[in-house]
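Visitor: For reference, the structure I am asking about is given below.
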Amino acid sequence: MSTPKDPLLENEAPDRNYYATGVLLDTADFVTEQTYHRGRLARALATLHGVGTASGLRVAHETNALDPIQEGELAVYPGLALDPLGRQVEVSSKSCIRVKRWFEGYEPGKLLRRTKTDFNVGPAVSGLPDQGVVADLFLRFRVYERGWTPAMASGLYDATDAVSPARLRDGYELRLVPRTELHPPNVPDSPWPLPTGGKPWPAPSAPGDMAARRSALKNAILDSWHPGRPALLDKLWGSAFLPDELRFDKSQPEGKESDPAWVFLARVVIGVSGSTDSGNRPVRTGTVIVDNELRPFAVTVAALTRWLGI
């Protein structure tokens with residue numbers, strides 16, 4: 001299956017077709033129709049809910065008891081996320097990345113051995129190895145062509161056997177990328193900061209604090225305008241958190257990845273020993289620790305009502 005470029009990366013104009021009897025329609029008109037509705041929905045989702053995991057997508061390390069080093073894999077369970085453009089990225093069934101195959105597929109220079117104090121994971125993570133390779137798992141929206149249907153040929157030559165894709169399916173792509181920086185970077189902060197002092201809830205007896213929080217929230221909303229598509233793509237290409245291989249592609253125009261709208265899922269620590277193998281890679285110990293809580297979350301209304309107890 002090939003992966004055509006998503007029109008939402010190039011066009012977010014709020015223009016929709018005007019229909020009238022006798023008007024001829026072509027491919028561009030139908031693409032415009034789809035892009036308008038998809039773009040408006042994505043714009044609303046990104047503005048109302050933000051970026052990140054909305055449901056599911058838990059990442060876990062699963063092993064075969066007979067051979068945990070050779071047969072271990074990272075499993076991503078079904079779920080739904082919103083990417084920076086507001087597109088829904090759905091994983092409908094469990095997907096896996098085999099740790100051994102992934103580890104041996106990277107050049108040794110990118111598999112940096114780190115000590116426990118340099119993993120930069122959350123405080124809730126336990127069982128960390130003394131040494132490990134840190135990698136981040138990302139998810140991206142992808143479009144896949146499905147099936148074939150006869151189509152009238154176009155171009156310089158006519159043909160009687162021309163075909164085109166019958167359907168486009170919204171899909172996804174997973175990438176596990178080793179962190180090659182001196183120190184693994186922090187996950188970008190939420191655009192919604194805590195009030196002064198970091199108190200999650202004001203005391204009912206402190207009306208002044210409540211008023212300050214209300215004012216801070218209103219000002220955060222006034223400063224939260226979601227940039228247009230070109231500005232957002234420039235921000236993603238310039239992100240210090242996204243690894244270079246997710247932002248740049250020498251085969252693309254200007255050397256940039258055409259779709260850098262990745263969603264961060266988890267930080268993974270692959271335990272290694274102090275020795276190296278014949279390929280000069282650190283020797284894995286079989287321990288793999290996953291931090292699921294560093295990721296951004298697109299908190300739903302249902303989750304908020306449960307949290308508030310209403």
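Quick note on naming: the chains in the structure tokens go A, B, ... in the order shown, residues restart at 1 in each chain, and ligands are numbered from 1 in order of appearance.
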Identify, with DSSP run on backbone atoms, the residues in range 85-300 of chain A assigned to alpha helix (DSSP H), and express the list as an NGL selection string.

Guide: :A and (99-105 or 207-222 or 229-237 or 244-247)

Visitor: Using 12 Å as the limit and counting only C-alpha atoms, can you tabulate each residue of range 273-299 of chain A that touches range 25-47 of chain A, with its shortest atom-to-atom distance in Å and the two atoms involved, as a tab-separated table?

Guide:
```
residue	atom	partner	partner_atom	distance
A:Phe297	CA	A:Ala46	CA	12.0
A:Ala298	CA	A:Ala46	CA	9.0
A:Val299	CA	A:Leu45	CA	11.4
```

Visitor: For the atom pair CA of Glu145 in chain A and CA of Arg169 in chain A, what is the interatomic distance in Å to one decimal place?

Guide: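 Distance between the two atoms: 6.3 Å.
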
Visitor: Point out the residue among A:Glu245, A:Asp67, A:Glu10, A:Asp223 with the least atom-to-atom distance to Trp262 in chain A, counting only C-alpha atoms.

Guide: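 Going through A:Glu245, A:Asp67, A:Glu10, A:Asp223 one by one, the smallest distance to Trp262 in chain A is for A:Glu245.
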
Visitor: Please indicate the distance in Å from CA of Asp291 in chain A to CA of Arg267 in chain A, rounded to one decimal place.

Guide: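 Separation of CA of Asp291 in chain A and CA of Arg267 in chain A: 5.2 Å.
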
Visitor: Please report the interatomic distance between CA of Glu173 in chain A and CA of Phe138 in chain A in Å with one decimal.

Guide: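 That distance, rounded to one decimal, is 8.3 Å.
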
Visitor: Return as JSON lines the residues of range 182-279 of chain A lying at most 6 Å from range 119-133 of chain A, together with the closest atom-to-atom pair for each and the distance in Å to one decimal, counting only C-alpha atoms, with rows in chain order and ascending residue number.

Guide:
```
{"residue": "A:Val269", "atom": "CA", "partner": "A:Val133", "partner_atom": "CA", "distance": 5.6}
{"residue": "A:Ile270", "atom": "CA", "partner": "A:Val133", "partner_atom": "CA", "distance": 5.1}
{"residue": "A:Gly271", "atom": "CA", "partner": "A:Gly132", "partner_atom": "CA", "distance": 4.2}
{"residue": "A:Val272", "atom": "CA", "partner": "A:Gly132", "partner_atom": "CA", "distance": 4.9}
```

Visitor: Would you kindly return, as a PDB file with N, CA and C atoms, in the first residue's frame, each protein, DNA or RNA residue with an atom no farther than 6 Å from any atom of range 97-105 of chain A, considering only C-alpha atoms and excluding same-chain residues fewer than 3 positions away?

Guide:
```
ATOM      1  N   GLY A  72      11.447 -10.513  23.212  1.00  0.00           N
ATOM      2  CA  GLY A  72      10.708  -9.401  23.785  1.00  0.00           C
ATOM      3  C   GLY A  72      10.220  -8.424  22.730  1.00  0.00           C
ATOM      4  N   GLU A  73       9.085  -7.800  22.977  1.00  0.00           N
ATOM      5  CA  GLU A  73       8.547  -6.811  22.038  1.00  0.00           C
ATOM      6  C   GLU A  73       7.794  -5.725  22.792  1.00  0.00           C
ATOM      7  N   LEU A  74       7.758  -4.536  22.167  1.00  0.00           N
ATOM      8  CA  LEU A  74       6.955  -3.431  22.685  1.00  0.00           C
ATOM      9  C   LEU A  74       5.576  -3.529  22.056  1.00  0.00           C
TER      10      LEU A  74
END
```

Visitor: Rank A:Leu24, A:Val143, A:Ile221, A:Ala261 by their smallest atom-to-atom distance to Trp237 in chain A, using only C-alpha atoms, and report the top residue only.

Guide: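 Distance minimum relative to Trp237 in chain A lands on A:Ala261.
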
Visitor: Just list as a PDB file with N, CA and C atoms, in the first residue's frame whatever in range 12-151 of chain A DSSP marks as strand (DSSP E).

Guide:
```pdb
ATOM      1  N   GLY A  52      -2.521  14.822  21.903  1.00  0.00           N
ATOM      2  CA  GLY A  52      -2.088  13.735  22.769  1.00  0.00           C
ATOM      3  C   GLY A  52      -3.066  12.578  22.790  1.00  0.00           C
ATOM      4  N   THR A  53      -2.855  11.689  23.736  1.00  0.00           N
ATOM      5  CA  THR A  53      -3.670  10.484  23.872  1.00  0.00           C
ATOM      6  C   THR A  53      -5.040  10.835  24.434  1.00  0.00           C
ATOM      7  N   ALA A  54      -6.099  10.402  23.723  1.00  0.00           N
ATOM      8  CA  ALA A  54      -7.462  10.616  24.196  1.00  0.00           C
ATOM      9  C   ALA A  54      -8.022   9.369  24.864  1.00  0.00           C
ATOM     10  N   SER A  55      -7.583   8.192  24.395  1.00  0.00           N
ATOM     11  CA  SER A  55      -8.091   6.943  24.952  1.00  0.00           C
ATOM     12  C   SER A  55      -7.145   5.810  24.573  1.00  0.00           C
ATOM     13  N   GLY A  56      -6.842   4.933  25.532  1.00  0.00           N
ATOM     14  CA  GLY A  56      -6.039   3.757  25.231  1.00  0.00           C
ATOM     15  C   GLY A  56      -4.594   4.087  24.902  1.00  0.00           C
ATOM     16  N   VAL A  59       1.423   1.467  26.264  1.00  0.00           N
ATOM     17  CA  VAL A  59       2.603   0.785  25.730  1.00  0.00           C
ATOM     18  C   VAL A  59       3.144  -0.144  26.808  1.00  0.00           C
ATOM     19  N   ALA A  60       3.437  -1.392  26.455  1.00  0.00           N
ATOM     20  CA  ALA A  60       3.921  -2.363  27.428  1.00  0.00           C
ATOM     21  C   ALA A  60       5.006  -3.220  26.805  1.00  0.00           C
ATOM     22  N   HIS A  61       5.917  -3.682  27.640  1.00  0.00           N
ATOM     23  CA  HIS A  61       6.947  -4.626  27.188  1.00  0.00           C
ATOM     24  C   HIS A  61       6.465  -6.029  27.492  1.00  0.00           C
ATOM     25  N   GLU A  62       6.391  -6.862  26.461  1.00  0.00           N
ATOM     26  CA  GLU A  62       5.919  -8.228  26.618  1.00  0.00           C
ATOM     27  C   GLU A  62       7.021  -9.192  26.196  1.00  0.00           C
ATOM     28  N   GLU A  73       9.085  -7.800  22.977  1.00  0.00           N
ATOM     29  CA  GLU A  73       8.547  -6.811  22.038  1.00  0.00           C
ATOM     30  C   GLU A  73       7.794  -5.725  22.792  1.00  0.00           C
ATOM     31  N   LEU A  74       7.758  -4.536  22.167  1.00  0.00           N
ATOM     32  CA  LEU A  74       6.955  -3.431  22.685  1.00  0.00           C
ATOM     33  C   LEU A  74       5.576  -3.529  22.056  1.00  0.00           C
ATOM     34  N   ALA A  75       4.560  -3.577  22.892  1.00  0.00           N
ATOM     35  CA  ALA A  75       3.187  -3.677  22.407  1.00  0.00           C
ATOM     36  C   ALA A  75       2.471  -2.352  22.627  1.00  0.00           C
ATOM     37  N   VAL A  76       1.817  -1.858  21.576  1.00  0.00           N
ATOM     38  CA  VAL A  76       0.982  -0.665  21.670  1.00  0.00           C
ATOM     39  C   VAL A  76      -0.460  -1.131  21.558  1.00  0.00           C
ATOM     40  N   GLY A  79      -6.188   2.282  20.711  1.00  0.00           N
ATOM     41  CA  GLY A  79      -6.539   3.569  21.297  1.00  0.00           C
ATOM     42  C   GLY A  79      -6.633   4.654  20.250  1.00  0.00           C
ATOM     43  N   LEU A  80      -6.840   5.879  20.721  1.00  0.00           N
ATOM     44  CA  LEU A  80      -7.035   7.023  19.829  1.00  0.00           C
ATOM     45  C   LEU A  80      -6.265   8.218  20.365  1.00  0.00           C
ATOM     46  N   ALA A  81      -5.589   8.925  19.456  1.00  0.00           N
ATOM     47  CA  ALA A  81      -4.865  10.143  19.816  1.00  0.00           C
ATOM     48  C   ALA A  81      -5.230  11.241  18.829  1.00  0.00           C
ATOM     49  N   LEU A  82      -4.992  12.478  19.248  1.00  0.00           N
ATOM     50  CA  LEU A  82      -5.128  13.630  18.362  1.00  0.00           C
ATOM     51  C   LEU A  82      -3.739  14.166  18.075  1.00  0.00           C
ATOM     52  N   GLN A  88      -7.443  12.585  13.870  1.00  0.00           N
ATOM     53  CA  GLN A  88      -7.601  11.427  14.740  1.00  0.00           C
ATOM     54  C   GLN A  88      -6.685  10.311  14.256  1.00  0.00           C
ATOM     55  N   VAL A  89      -5.858   9.815  15.171  1.00  0.00           N
ATOM     56  CA  VAL A  89      -4.947   8.723  14.849  1.00  0.00           C
ATOM     57  C   VAL A  89      -5.391   7.520  15.671  1.00  0.00           C
ATOM     58  N   GLU A  90      -5.958   6.542  15.007  1.00  0.00           N
ATOM     59  CA  GLU A  90      -6.526   5.398  15.719  1.00  0.00           C
ATOM     60  C   GLU A  90      -5.730   4.128  15.455  1.00  0.00           C
ATOM     61  N   VAL A  91      -5.367   3.449  16.533  1.00  0.00           N
ATOM     62  CA  VAL A  91      -4.760   2.124  16.461  1.00  0.00           C
ATOM     63  C   VAL A  91      -5.867   1.152  16.856  1.00  0.00           C
ATOM     64  N   SER A  95      -0.441  -3.448  18.203  1.00  0.00           N
ATOM     65  CA  SER A  95       0.702  -3.416  17.289  1.00  0.00           C
ATOM     66  C   SER A  95       1.977  -3.633  18.093  1.00  0.00           C
ATOM     67  N   CYS A  96       2.957  -4.263  17.469  1.00  0.00           N
ATOM     68  CA  CYS A  96       4.172  -4.636  18.194  1.00  0.00           C
ATOM     69  C   CYS A  96       5.432  -4.231  17.446  1.00  0.00           C
ATOM     70  N   ILE A  97       6.459  -3.920  18.207  1.00  0.00           N
ATOM     71  CA  ILE A  97       7.808  -3.670  17.679  1.00  0.00           C
ATOM     72  C   ILE A  97       8.736  -4.649  18.372  1.00  0.00           C
ATOM     73  N   ARG A  98       9.420  -5.490  17.612  1.00  0.00           N
ATOM     74  CA  ARG A  98      10.337  -6.456  18.200  1.00  0.00           C
ATOM     75  C   ARG A  98      11.626  -5.751  18.616  1.00  0.00           C
ATOM     76  N   ARG A 114      23.600   4.834  28.830  1.00  0.00           N
ATOM     77  CA  ARG A 114      23.427   5.866  29.846  1.00  0.00           C
ATOM     78  C   ARG A 114      23.302   5.214  31.219  1.00  0.00           C
ATOM     79  N   THR A 115      23.559   6.004  32.244  1.00  0.00           N
ATOM     80  CA  THR A 115      23.353   5.538  33.602  1.00  0.00           C
ATOM     81  C   THR A 115      21.952   5.907  34.063  1.00  0.00           C
ATOM     82  N   GLN A 131      22.122   0.615  33.809  1.00  0.00           N
ATOM     83  CA  GLN A 131      22.528   1.199  32.538  1.00  0.00           C
ATOM     84  C   GLN A 131      21.480   0.860  31.483  1.00  0.00           C
ATOM     85  N   GLY A 132      21.306   1.756  30.526  1.00  0.00           N
ATOM     86  CA  GLY A 132      20.314   1.499  29.504  1.00  0.00           C
ATOM     87  C   GLY A 132      20.430   2.441  28.326  1.00  0.00           C
ATOM     88  N   VAL A 133      19.747   2.077  27.256  1.00  0.00           N
ATOM     89  CA  VAL A 133      19.603   2.914  26.063  1.00  0.00           C
ATOM     90  C   VAL A 133      18.208   3.516  26.099  1.00  0.00           C
ATOM     91  N   VAL A 134      18.120   4.835  25.974  1.00  0.00           N
ATOM     92  CA  VAL A 134      16.828   5.532  26.033  1.00  0.00           C
ATOM     93  C   VAL A 134      16.311   5.793  24.628  1.00  0.00           C
ATOM     94  N   ALA A 135      15.047   5.435  24.394  1.00  0.00           N
ATOM     95  CA  ALA A 135      14.400   5.679  23.106  1.00  0.00           C
ATOM     96  C   ALA A 135      12.985   6.185  23.357  1.00  0.00           C
ATOM     97  N   ASP A 136      12.470   6.968  22.428  1.00  0.00           N
ATOM     98  CA  ASP A 136      11.108   7.490  22.532  1.00  0.00           C
ATOM     99  C   ASP A 136      10.240   6.897  21.430  1.00  0.00           C
ATOM    100  N   LEU A 137       9.003   6.572  21.784  1.00  0.00           N
ATOM    101  CA  LEU A 137       8.059   5.983  20.845  1.00  0.00           C
ATOM    102  C   LEU A 137       7.070   7.051  20.384  1.00  0.00           C
ATOM    103  N   PHE A 138       6.907   7.167  19.059  1.00  0.00           N
ATOM    104  CA  PHE A 138       6.037   8.181  18.468  1.00  0.00           C
ATOM    105  C   PHE A 138       5.010   7.520  17.554  1.00  0.00           C
ATOM    106  N   LEU A 139       3.877   8.212  17.396  1.00  0.00           N
ATOM    107  CA  LEU A 139       2.777   7.764  16.550  1.00  0.00           C
ATOM    108  C   LEU A 139       2.436   8.869  15.565  1.00  0.00           C
ATOM    109  N   ARG A 140       2.125   8.476  14.312  1.00  0.00           N
ATOM    110  CA  ARG A 140       1.788   9.476  13.293  1.00  0.00           C
ATOM    111  C   ARG A 140       0.612   9.003  12.438  1.00  0.00           C
ATOM    112  N   PHE A 141      -0.179   9.951  11.991  1.00  0.00           N
ATOM    113  CA  PHE A 141      -1.280   9.690  11.068  1.00  0.00           C
ATOM    114  C   PHE A 141      -0.723   9.365   9.686  1.00  0.00           C
ATOM    115  N   ARG A 142      -1.253   8.323   9.054  1.00  0.00           N
ATOM    116  CA  ARG A 142      -0.866   7.986   7.685  1.00  0.00           C
ATOM    117  C   ARG A 142      -2.101   7.610   6.878  1.00  0.00           C
ATOM    118  N   VAL A 143      -2.054   7.904   5.583  1.00  0.00           N
ATOM    119  CA  VAL A 143      -3.135   7.550   4.668  1.00  0.00           C
ATOM    120  C   VAL A 143      -2.637   6.429   3.760  1.00  0.00           C
ATOM    121  N   TYR A 144      -3.465   5.384   3.600  1.00  0.00           N
ATOM    122  CA  TYR A 144      -3.072   4.247   2.774  1.00  0.00           C
ATOM    123  C   TYR A 144      -4.103   4.007   1.681  1.00  0.00           C
ATOM    124  N   GLU A 145      -3.615   3.725   0.482  1.00  0.00           N
ATOM    125  CA  GLU A 145      -4.497   3.394  -0.622  1.00  0.00           C
ATOM    126  C   GLU A 145      -5.006   1.968  -0.448  1.00  0.00           C
ATOM    127  N   ARG A 146      -6.304   1.775  -0.787  1.00  0.00           N
ATOM    128  CA  ARG A 146      -6.921   0.459  -0.634  1.00  0.00           C
ATOM    129  C   ARG A 146      -7.632   0.068  -1.919  1.00  0.00           C
ATOM    130  N   GLY A 147      -7.269  -1.094  -2.464  1.00  0.00           N
ATOM    131  CA  GLY A 147      -7.964  -1.641  -3.619  1.00  0.00           C
ATOM    132  C   GLY A 147      -7.708  -0.850  -4.893  1.00  0.00           C
ATOM    133  N   TRP A 148      -8.250  -1.348  -5.992  1.00  0.00           N
ATOM    134  CA  TRP A 148      -8.092  -0.700  -7.288  1.00  0.00           C
ATOM    135  C   TRP A 148      -9.417  -0.695  -8.021  1.00  0.00           C
ATOM    136  N   THR A 149      -9.612   0.333  -8.825  1.00  0.00           N
ATOM    137  CA  THR A 149     -10.827   0.450  -9.619  1.00  0.00           C
ATOM    138  C   THR A 149     -10.462   1.017 -10.988  1.00  0.00           C
ATOM    139  N   PRO A 150     -11.150   0.606 -12.058  1.00  0.00           N
ATOM    140  CA  PRO A 150     -10.839   1.150 -13.388  1.00  0.00           C
ATOM    141  C   PRO A 150     -11.009   2.660 -13.420  1.00  0.00           C
TER     142      PRO A 150
END
```

Visitor: Please determine, counting only C-alpha atoms, which residue among A:Trp225, A:Thr300, A:Tyr106, A:Pro4 has the shortest atom-to-atom distance to Gly279 in chain A.

Guide: A:Tyr106

Visitor: Which of these residues is nearest to Asn280 in chain A, using only C-alpha atoms: A:Gly109, A:Gly86, A:Gly171, A:Pro184?

Guide: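 Using only C-alpha atoms, the shortest distance to Asn280 in chain A belongs to A:Gly109.
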
Visitor: Using only C-alpha atoms, which of A:Arg16, A:Leu236, A:Thr276, A:Gly228 sits nearest Glu257 in chain A?

Guide: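 Smallest separation from Glu257 in chain A among the options: A:Leu236.
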